[in-house]
$ cat target-v5.cif   # mmCIF, C-alpha atoms and all ligand atoms
data_query
#
loop_
_atom_site.label_atom_id
_atom_site.label_comp_id
_atom_site.auth_asym_id
_atom_site.auth_seq_id
_atom_site.Cartn_x
_atom_site.Cartn_y
_atom_site.Cartn_z
CA MET A 1 164.20 149.42 158.09
CA THR A 2 162.30 148.69 161.32
CA LEU A 3 159.38 146.30 161.11
CA LYS A 4 156.10 148.18 161.50
CA ALA A 5 153.39 145.78 160.34
CA LEU A 6 152.44 142.15 159.92
CA ILE A 7 150.19 141.34 156.97
CA PHE A 8 148.35 138.03 157.31
CA ASP A 9 146.88 135.79 154.66
CA VAL A 10 143.72 134.01 155.86
CA ASP A 11 143.00 130.61 154.29
CA GLY A 12 145.64 128.11 155.30
CA THR A 13 147.56 130.69 157.35
CA LEU A 14 145.28 131.87 160.15
CA ALA A 15 143.41 128.56 160.07
CA GLU A 16 143.19 125.31 158.11
CA THR A 17 140.06 126.52 156.35
CA GLU A 18 140.49 124.96 152.93
CA ASP A 19 138.83 121.65 153.69
CA TYR A 20 135.80 123.54 155.00
CA HIS A 21 135.74 125.52 151.76
CA ARG A 22 135.94 122.24 149.83
CA GLN A 23 133.03 120.74 151.75
CA ALA A 24 130.98 123.92 151.28
CA PHE A 25 131.62 123.83 147.50
CA ASN A 26 130.54 120.19 147.36
CA GLN A 27 127.35 120.81 149.35
CA ALA A 28 126.47 123.76 147.11
CA PHE A 29 127.06 121.63 143.98
CA ALA A 30 124.73 118.93 145.35
CA GLU A 31 122.01 121.47 146.19
CA PHE A 32 122.23 122.93 142.68
CA GLY A 33 122.00 119.46 141.10
CA ILE A 34 125.53 119.66 139.70
CA ASP A 35 127.25 116.28 139.77
CA TRP A 36 130.70 117.48 140.80
CA ALA A 37 132.44 116.23 143.96
CA TRP A 38 135.87 117.70 144.67
CA ASN A 39 138.04 115.26 146.60
CA ARG A 40 141.14 116.40 148.48
CA GLU A 41 143.59 115.50 145.73
CA LEU A 42 141.63 117.32 143.06
CA TYR A 43 141.02 120.31 145.34
CA ALA A 44 144.78 120.67 145.95
CA GLU A 45 145.15 121.14 142.17
CA LEU A 46 142.13 123.44 141.89
CA LEU A 47 143.52 125.73 144.63
CA LYS A 48 146.04 126.96 142.06
CA THR A 49 143.13 129.04 140.80
CA THR A 50 142.60 131.47 143.66
CA GLY A 51 139.12 132.72 144.54
CA GLY A 52 136.02 130.58 144.81
CA LYS A 53 134.15 132.00 141.80
CA GLU A 54 137.27 131.79 139.64
CA ARG A 55 137.80 128.18 140.80
CA ILE A 56 134.23 127.20 139.85
CA LEU A 57 134.60 128.92 136.46
CA ALA A 58 137.93 127.22 135.74
CA PHE A 59 136.44 123.81 136.56
CA ALA A 60 133.29 124.48 134.53
CA LYS A 61 135.49 125.35 131.56
CA LEU A 62 137.45 122.13 132.01
CA ARG A 63 134.20 120.14 132.07
CA LYS A 64 132.73 122.22 129.20
CA HIS A 65 129.80 123.07 131.47
CA ASN A 66 128.51 126.38 130.10
CA ASN A 67 125.25 127.04 131.89
CA ILE A 68 126.25 127.40 135.52
CA ASP A 69 125.06 130.37 137.57
CA VAL A 70 128.43 130.96 139.19
CA VAL A 71 127.28 133.95 141.23
CA ALA A 72 124.33 132.12 142.81
CA LEU A 73 126.32 128.93 143.31
CA HIS A 74 129.17 130.78 145.00
CA ALA A 75 126.76 132.80 147.16
CA ARG A 76 125.28 129.52 148.45
CA LYS A 77 128.77 128.11 148.99
CA THR A 78 129.58 131.18 151.10
CA GLU A 79 126.40 130.72 153.18
CA ILE A 80 127.36 127.11 153.90
CA TYR A 81 130.96 128.03 154.75
CA LEU A 82 129.74 130.78 157.09
CA GLN A 83 127.74 128.20 159.03
CA TYR A 84 131.02 126.38 159.70
CA ALA A 85 132.85 129.59 160.65
CA LYS A 86 130.08 130.96 162.85
CA GLY A 87 129.51 127.58 164.47
CA GLY A 88 133.02 127.70 165.93
CA ARG A 89 134.13 124.58 164.05
CA ILE A 90 137.21 126.26 162.63
CA GLU A 91 140.14 126.83 164.97
CA LEU A 92 143.15 129.09 164.50
CA ARG A 93 146.44 127.36 163.72
CA SER A 94 149.06 126.93 166.47
CA GLY A 95 150.74 130.15 167.49
CA VAL A 96 148.40 132.49 165.60
CA ALA A 97 146.49 133.96 168.55
CA ASP A 98 149.66 134.33 170.58
CA LEU A 99 151.52 135.99 167.70
CA ILE A 100 148.70 138.48 167.14
CA ASP A 101 148.58 139.26 170.84
CA TYR A 102 152.35 139.77 171.01
CA ALA A 103 152.43 141.91 167.85
CA ARG A 104 149.81 144.20 169.39
CA GLN A 105 151.79 144.41 172.65
CA ILE A 106 154.96 145.52 170.86
CA GLY A 107 153.08 148.06 168.76
CA LEU A 108 153.10 146.40 165.34
CA GLN A 109 150.23 147.22 163.03
CA LEU A 110 148.14 144.34 161.75
CA ALA A 111 146.58 143.85 158.34
CA ILE A 112 144.97 141.14 156.24
CA ALA A 113 145.57 140.43 152.54
CA THR A 114 143.35 137.63 151.31
CA THR A 115 141.63 136.24 148.28
CA THR A 116 138.61 135.02 150.19
CA THR A 117 135.25 136.74 150.69
CA ARG A 118 135.06 139.48 153.37
CA ALA A 119 132.22 137.79 155.29
CA ASN A 120 134.41 134.67 155.64
CA VAL A 121 137.23 136.71 157.19
CA GLU A 122 135.04 138.71 159.54
CA ASN A 123 133.19 135.67 160.82
CA LEU A 124 136.38 133.68 161.31
CA LEU A 125 137.96 136.52 163.33
CA TRP A 126 134.75 137.03 165.31
CA ALA A 127 134.40 133.34 166.18
CA THR A 128 138.06 132.69 167.02
CA LEU A 129 139.44 135.94 168.48
CA GLY A 130 136.24 137.67 169.57
CA PRO A 131 134.12 140.54 168.19
CA SER A 132 136.65 143.29 169.00
CA SER A 133 139.39 141.56 166.98
CA LEU A 134 138.12 143.13 163.75
CA GLU A 135 139.31 146.49 165.06
CA TRP A 136 142.81 145.16 165.69
CA PHE A 137 143.41 145.02 161.94
CA LYS A 138 144.02 148.46 160.46
CA VAL A 139 143.42 147.16 156.92
CA ILE A 140 141.46 144.11 155.77
CA CYS A 141 141.70 143.68 152.01
CA CYS A 142 139.63 140.82 150.54
CA GLY A 143 138.65 139.17 147.29
CA GLU A 144 135.94 141.77 146.58
CA ASP A 145 138.45 144.62 146.86
CA VAL A 146 140.72 143.69 143.96
CA ARG A 147 140.47 143.38 140.21
CA VAL A 148 143.03 140.57 140.01
CA LYS A 149 143.50 138.01 142.78
CA LYS A 150 146.72 136.39 144.05
CA PRO A 151 149.30 135.55 142.69
CA ASP A 152 148.90 139.09 141.35
CA PRO A 153 150.40 141.62 143.82
CA GLU A 154 147.32 143.92 143.77
CA VAL A 155 145.97 142.89 147.18
CA TYR A 156 149.32 143.55 148.87
CA LEU A 157 149.84 146.83 147.02
CA ARG A 158 146.43 147.99 148.23
CA VAL A 159 147.25 147.00 151.81
CA LEU A 160 150.57 148.89 151.66
CA ASP A 161 148.81 151.94 150.29
CA GLN A 162 146.16 151.87 153.03
CA LEU A 163 148.72 151.28 155.76
CA GLY A 164 150.82 154.12 154.34
CA LEU A 165 153.93 151.94 154.71
CA SER A 166 156.75 150.90 152.42
CA PRO A 167 157.17 147.18 151.63
CA SER A 168 160.38 147.03 153.68
CA ALA A 169 158.47 148.01 156.85
CA CYS A 170 156.16 145.00 156.51
CA LEU A 171 156.27 141.24 156.77
CA ALA A 172 153.74 139.05 154.97
CA ILE A 173 152.67 135.71 156.44
CA GLU A 174 151.45 133.19 153.89
CA ASP A 175 150.92 129.46 153.39
CA SER A 176 151.01 129.07 149.60
CA TYR A 177 153.10 129.67 146.50
CA MET A 178 150.39 131.99 145.13
CA GLY A 179 150.54 134.08 148.30
CA LEU A 180 154.34 134.11 148.30
CA LYS A 181 154.37 135.35 144.69
CA SER A 182 151.74 138.00 145.38
CA ALA A 183 153.55 139.47 148.41
CA SER A 184 157.03 139.13 146.89
CA ASP A 185 155.95 140.91 143.71
CA ALA A 186 154.72 143.75 145.94
CA GLY A 187 158.25 143.87 147.40
CA ILE A 188 157.35 142.44 150.81
CA ALA A 189 159.42 139.80 152.66
CA VAL A 190 157.41 136.64 153.28
CA VAL A 191 157.31 134.08 156.07
CA ILE A 192 155.71 130.84 154.98
CA THR A 193 153.88 128.41 157.21
CA PRO A 194 152.80 125.57 154.90
CA SER A 195 149.26 124.27 155.36
CA VAL A 196 147.83 120.81 154.72
CA TYR A 197 147.03 121.76 151.12
CA THR A 198 150.30 123.58 150.33
CA ASN A 199 153.02 121.37 151.81
CA ASP A 200 154.39 120.52 148.37
CA HIS A 201 154.50 124.10 147.02
CA ASN A 202 157.74 125.73 145.95
CA PHE A 203 158.69 128.29 148.60
CA GLU A 204 161.93 129.48 147.03
CA GLY A 205 162.41 133.16 147.80
CA ALA A 206 160.62 133.09 151.16
CA ALA A 207 162.50 134.77 154.04
CA HIS A 208 161.64 131.81 156.30
CA VAL A 209 159.60 128.64 156.08
CA MET A 210 158.31 127.47 159.46
CA LYS A 211 156.08 124.61 160.54
CA ASN A 212 153.79 126.92 162.45
CA LEU A 213 153.75 130.48 163.74
CA THR A 214 154.92 129.70 167.27
CA TYR A 215 158.39 130.00 165.70
CA LEU A 216 157.86 133.56 164.47
CA LYS A 217 157.26 135.33 167.79
CA PRO A 218 160.90 135.00 169.01
CA CYS A 219 162.11 136.52 165.68
CA LEU A 220 160.11 139.76 166.06
C1 LIG B 1 142.50 131.15 149.41
C2 LIG B 1 141.50 131.03 148.34
C3 LIG B 1 140.05 131.29 148.60
C4 LIG B 1 139.21 130.21 149.22
C5 LIG B 1 137.75 130.38 148.89
O1 LIG B 1 142.58 132.49 149.80
O2 LIG B 1 141.86 130.84 147.20
O3 LIG B 1 139.54 131.46 147.33
O4 LIG B 1 139.65 128.94 148.76
O5 LIG B 1 137.23 131.60 149.20
P1 LIG B 1 143.77 133.09 150.78
P2 LIG B 1 135.99 132.24 148.38
O6 LIG B 1 144.78 132.01 151.04
O7 LIG B 1 144.33 134.24 149.98
O8 LIG B 1 143.09 133.55 152.05
O9 LIG B 1 135.11 131.11 147.93
O10 LIG B 1 135.30 133.15 149.35
O11 LIG B 1 136.56 133.00 147.20
MG MG B 2 146.40 131.02 151.91
#
$ encode --input "target-v5.cif" --output "structure tokens" --more "lines below"
Ligand code: XBP
Ligand code: MG
Amino acid sequence: MTLKALIFDVDGTLAETEDYHRQAFNQAFAEFGIDWAWNRELYAELLKTTGGKERILAFAKLRKHNNIDVVALHARKTEIYLQYAKGGRIELRSGVADLIDYARQIGLQLAIATTTTRANVENLLWATLGPSSLEWFKVICCGEDVRVKKPDPEVYLRVLDQLGLSPSACLAIEDSYMGLKSASDAGIAVVITPSVYTNDHNFEGAAHVMKNLTYLKPCL
């Protein structure tokens, strides 16, 4: 089957965003008077729970902390993260802009399948690729759009449905085991580009594992 679409994950794949998320969580905790500080090692573990609200809830359960306003805390975390994204502090990973440009030139459709909040995606695209880049993506499916987040396949199944394409016409680009599982369970072949937080994940079953996405363009 001919390749018709590339479906991109966001965090860790388009950009090394996770440490900005981590810092935003920590700042929000401090502002709310919660004495949690997630260091890099702990955060790598906590990333196994996808989604910011789910991650806070899982940690609160671990700490037996019952009276946390997760919605308000996560909303503040998102505000802080958006300051980083809008401020242009977050850069795309090597090869991403070029790959997107080339995919558009050769007529591939583009989509996004992510666990993160829609505002995070839109502001990252806006700040890195310019305001019109949002229109380059035919489908952008985010954390708010699914009932169950990755590693569940729901986000990818929704993207396939909205693209009107079969899994074999698409290629997913991911950085984590949870993303690999989600796309694979939707029947989509996956290229993995490990990120700083996912280097030690198990990528068995991926079509390719590459250091960065400069290596993907010649394969298209
Ligand atoms: C990675 C995630 C996200 C972010 C936080 O998503 O698990 O939850 O860490 O984002 P992906 P929110 O790799 O699928 O892009 O706090 O907005 O949920
Ligand atoms: Mg990711």
$ residues_around --input "target-v5.cif" --residues "Ala15 in chain A" --least-positions-apart "4" --cutoff "12 Å" --atoms "only C-alpha atoms" --output "PyMOL selection string"
chain A and resi 8-11+19-21+85+88-97+120-121+124-125+127-129+174-175+193-197+212-213
$ residues_near_point --input "target-v5.cif" --point "(156.2, 136.8, 147.6)" --cutoff "10 Å" --atoms "all atoms listed in the file" --output "PyMOL selection string"
chain A and resi 151-153+156+172-174+176-192+203-207
$ atom_distance --input "target-v5.cif" --atom1 "CA of Thr114 in chain A" --atom2 "CA of Tyr81 in chain A"
16.0 Å
$ residues_near_ligand --input "target-v5.cif" --ligand "ligand LIG 1 (chain B)" --cutoff "8 Å" --atoms "all atoms listed in the file" --output "PDB file with C-alpha atoms, in the frame of the given file"
ATOM      1  CA  ASP A   9     146.880 135.790 154.660  1.00  0.00           C
ATOM      2  CA  VAL A  10     143.720 134.010 155.860  1.00  0.00           C
ATOM      3  CA  ASP A  11     143.000 130.610 154.290  1.00  0.00           C
ATOM      4  CA  GLY A  12     145.640 128.110 155.300  1.00  0.00           C
ATOM      5  CA  THR A  13     147.560 130.690 157.350  1.00  0.00           C
ATOM      6  CA  THR A  17     140.060 126.520 156.350  1.00  0.00           C
ATOM      7  CA  GLU A  18     140.490 124.960 152.930  1.00  0.00           C
ATOM      8  CA  HIS A  21     135.740 125.520 151.760  1.00  0.00           C
ATOM      9  CA  ARG A  22     135.940 122.240 149.830  1.00  0.00           C
ATOM     10  CA  LEU A  47     143.520 125.730 144.630  1.00  0.00           C
ATOM     11  CA  LYS A  48     146.040 126.960 142.060  1.00  0.00           C
ATOM     12  CA  THR A  49     143.130 129.040 140.800  1.00  0.00           C
ATOM     13  CA  THR A  50     142.600 131.470 143.660  1.00  0.00           C
ATOM     14  CA  GLY A  51     139.120 132.720 144.540  1.00  0.00           C
ATOM     15  CA  GLY A  52     136.020 130.580 144.810  1.00  0.00           C
ATOM     16  CA  LYS A  53     134.150 132.000 141.800  1.00  0.00           C
ATOM     17  CA  GLU A  54     137.270 131.790 139.640  1.00  0.00           C
ATOM     18  CA  ARG A  55     137.800 128.180 140.800  1.00  0.00           C
ATOM     19  CA  HIS A  74     129.170 130.780 145.000  1.00  0.00           C
ATOM     20  CA  LYS A  77     128.770 128.110 148.990  1.00  0.00           C
ATOM     21  CA  THR A  78     129.580 131.180 151.100  1.00  0.00           C
ATOM     22  CA  ALA A 113     145.570 140.430 152.540  1.00  0.00           C
ATOM     23  CA  THR A 114     143.350 137.630 151.310  1.00  0.00           C
ATOM     24  CA  THR A 115     141.630 136.240 148.280  1.00  0.00           C
ATOM     25  CA  THR A 116     138.610 135.020 150.190  1.00  0.00           C
ATOM     26  CA  THR A 117     135.250 136.740 150.690  1.00  0.00           C
ATOM     27  CA  ARG A 118     135.060 139.480 153.370  1.00  0.00           C
ATOM     28  CA  ASN A 120     134.410 134.670 155.640  1.00  0.00           C
ATOM     29  CA  GLY A 143     138.650 139.170 147.290  1.00  0.00           C
ATOM     30  CA  LYS A 150     146.720 136.390 144.050  1.00  0.00           C
ATOM     31  CA  GLU A 174     151.450 133.190 153.890  1.00  0.00           C
ATOM     32  CA  ASP A 175     150.920 129.460 153.390  1.00  0.00           C
ATOM     33  CA  SER A 176     151.010 129.070 149.600  1.00  0.00           C
ATOM     34  CA  GLY A 179     150.540 134.080 148.300  1.00  0.00           C
TER      35      GLY A 179
END
$ closest_residue --input "target-v5.cif" --among "A:Leu14, A:Ala75, A:Leu6, A:Ala60" --to "ligand MG 2 (chain B)" --atoms "all atoms listed in the file"
A:Leu14
$ closest_residue --input "target-v5.cif" --among "A:Phe25, A:Phe137, A:Tyr215, A:Trp126" --to "Val70 in chain A" --atoms "only C-alpha atoms"
A:Phe25
$ atom_distance --input "target-v5.cif" --atom1 "CA of Gly130 in chain A" --atom2 "CA of Ile7 in chain A"
19.2 Å
$ closest_residue --input "target-v5.cif" --among "A:Glu16, A:Glu45, A:Ile68, A:Leu108" --to "ligand MG 2 (chain B)" --atoms "all atoms listed in the file"
A:Glu16
$ axis_aligned_box --input "target-v5.cif" --around "range 162-175 of chain A" --padding-each-side "5 Å" --output "lines of an AutoDock Vina configuration file"
center_x = 153.3
center_y = 141.8
center_z = 154.2
size_x = 24.2
size_y = 34.7
size_z = 15.2
$ closest_atom_pairs --input "target-v5.cif" --of "range 67-155 of chain A" --to "range 2-5 of chain A" --cutoff "12 Å" --atoms "all atoms listed in the file" --output "tab-separated table"
residue	atom	partner	partner_atom	distance
A:Ile100	CA	A:Ala5	CA	11.0
A:Ala103	CA	A:Ala5	CA	8.5
A:Arg104	CA	A:Ala5	CA	9.9
A:Ile106	CA	A:Lys4	CA	9.8
A:Gly107	CA	A:Lys4	CA	7.9
A:Leu108	CA	A:Ala5	CA	5.0
A:Gln109	CA	A:Ala5	CA	4.4
A:Leu110	CA	A:Ala5	CA	5.6
A:Ala111	CA	A:Ala5	CA	7.4
A:Ile112	CA	A:Ala5	CA	10.5
A:Trp136	CA	A:Ala5	CA	11.9
A:Phe137	CA	A:Ala5	CA	10.1
A:Lys138	CA	A:Ala5	CA	9.7
A:Val139	CA	A:Ala5	CA	10.6
$ closest_residue --input "target-v5.cif" --among "A:Asn199, A:Asn66, A:Thr214, A:Asn26" --to "ligand MG 2 (chain B)" --atoms "all atoms listed in the file"
A:Asn199
$ atom_distance --input "target-v5.cif" --atom1 "CA of Met1 in chain A" --atom2 "CA of Ser168 in chain A"
6.3 Å
$ closest_residue --input "target-v5.cif" --among "A:Glu41, A:Leu157, A:Gly164, A:Ser133" --to "Asp101 in chain A" --atoms "all atoms listed in the file"
A:Ser133
$ closest_residue --input "target-v5.cif" --among "A:Ala37, A:Leu171, A:Cys142, A:Leu42" --to "ligand MG 2 (chain B)" --atoms "all atoms listed in the file"
A:Cys142
$ decode --input "target-v5.cif" --residues "range 97-125 of chain A" --atoms "N, CA and C atoms" --output "CSV table (one decimal), in the first residue's frame"
chain,number,residue,atom,x,y,z
A,97,ALA,N,11.4,20.0,11.0
A,97,ALA,CA,10.9,21.0,10.1
A,97,ALA,C,11.1,20.6,8.6
A,98,ASP,N,12.3,20.1,8.4
A,98,ASP,CA,12.6,19.7,7.0
A,98,ASP,C,11.8,18.5,6.6
A,99,LEU,N,11.5,17.5,7.5
A,99,LEU,CA,10.7,16.4,7.1
A,99,LEU,C,9.2,16.8,6.8
A,100,ILE,N,8.7,17.7,7.6
A,100,ILE,CA,7.4,18.2,7.4
A,100,ILE,C,7.3,19.0,6.1
A,101,ASP,N,8.3,19.8,5.8
A,101,ASP,CA,8.3,20.5,4.5
A,101,ASP,C,8.3,19.5,3.3
A,102,TYR,N,9.2,18.5,3.4
A,102,TYR,CA,9.3,17.5,2.4
A,102,TYR,C,8.0,16.7,2.2
A,103,ALA,N,7.5,16.3,3.3
A,103,ALA,CA,6.2,15.5,3.2
A,103,ALA,C,5.1,16.3,2.5
A,104,ARG,N,5.1,17.6,2.8
A,104,ARG,CA,4.1,18.5,2.1
A,104,ARG,C,4.4,18.6,0.6
A,105,GLN,N,5.6,18.7,0.3
A,105,GLN,CA,6.0,18.8,-1.1
A,105,GLN,C,5.7,17.6,-1.9
A,106,ILE,N,5.8,16.4,-1.3
A,106,ILE,CA,5.5,15.1,-2.0
A,106,ILE,C,4.0,14.7,-1.9
A,107,GLY,N,3.2,15.6,-1.2
A,107,GLY,CA,1.8,15.3,-1.2
A,107,GLY,C,1.3,14.4,-0.1
A,108,LEU,N,2.1,14.2,0.9
A,108,LEU,CA,1.7,13.3,2.0
A,108,LEU,C,0.8,14.2,2.9
A,109,GLN,N,-0.2,13.6,3.5
A,109,GLN,CA,-1.1,14.3,4.5
A,109,GLN,C,-0.4,14.2,5.8
A,110,LEU,N,-0.6,15.2,6.7
A,110,LEU,CA,0.0,15.3,8.0
A,110,LEU,C,-1.1,15.3,9.1
A,111,ALA,N,-0.8,14.6,10.2
A,111,ALA,CA,-1.7,14.5,11.3
A,111,ALA,C,-0.9,14.5,12.6
A,112,ILE,N,-1.6,14.8,13.7
A,112,ILE,CA,-1.0,14.7,15.0
A,112,ILE,C,-1.8,13.8,15.9
A,113,ALA,N,-1.1,12.9,16.6
A,113,ALA,CA,-1.8,12.0,17.6
A,113,ALA,C,-1.0,12.2,18.9
A,114,THR,N,-1.6,12.9,19.9
A,114,THR,CA,-0.9,13.2,21.1
A,114,THR,C,-1.7,13.1,22.3
A,115,THR,N,-1.0,12.9,23.4
A,115,THR,CA,-1.7,12.8,24.7
A,115,THR,C,-1.8,14.2,25.4
A,116,THR,N,-1.0,15.1,24.9
A,116,THR,CA,-0.9,16.4,25.6
A,116,THR,C,-2.1,17.3,25.3
A,117,THR,N,-2.2,18.4,25.9
A,117,THR,CA,-3.3,19.4,25.8
A,117,THR,C,-3.3,20.2,24.5
A,118,ARG,N,-4.4,20.4,23.9
A,118,ARG,CA,-4.5,21.0,22.5
A,118,ARG,C,-3.7,22.4,22.5
A,119,ALA,N,-3.9,23.2,23.5
A,119,ALA,CA,-3.3,24.5,23.6
A,119,ALA,C,-1.7,24.4,23.5
A,120,ASN,N,-1.2,23.3,24.1
A,120,ASN,CA,0.3,23.1,24.1
A,120,ASN,C,0.7,22.8,22.6
A,121,VAL,N,-0.1,22.0,21.9
A,121,VAL,CA,0.3,21.6,20.5
A,121,VAL,C,0.2,22.9,19.6
A,122,GLU,N,-0.9,23.6,19.7
A,122,GLU,CA,-1.1,24.7,18.8
A,122,GLU,C,-0.1,25.8,19.0
A,123,ASN,N,0.3,26.0,20.3
A,123,ASN,CA,1.3,27.1,20.6
A,123,ASN,C,2.7,26.7,20.2
A,124,LEU,N,3.0,25.4,20.3
A,124,LEU,CA,4.3,24.9,19.9
A,124,LEU,C,4.4,25.0,18.4
A,125,LEU,N,3.4,24.6,17.6
A,125,LEU,CA,3.4,24.7,16.2
A,125,LEU,C,3.5,26.2,15.7
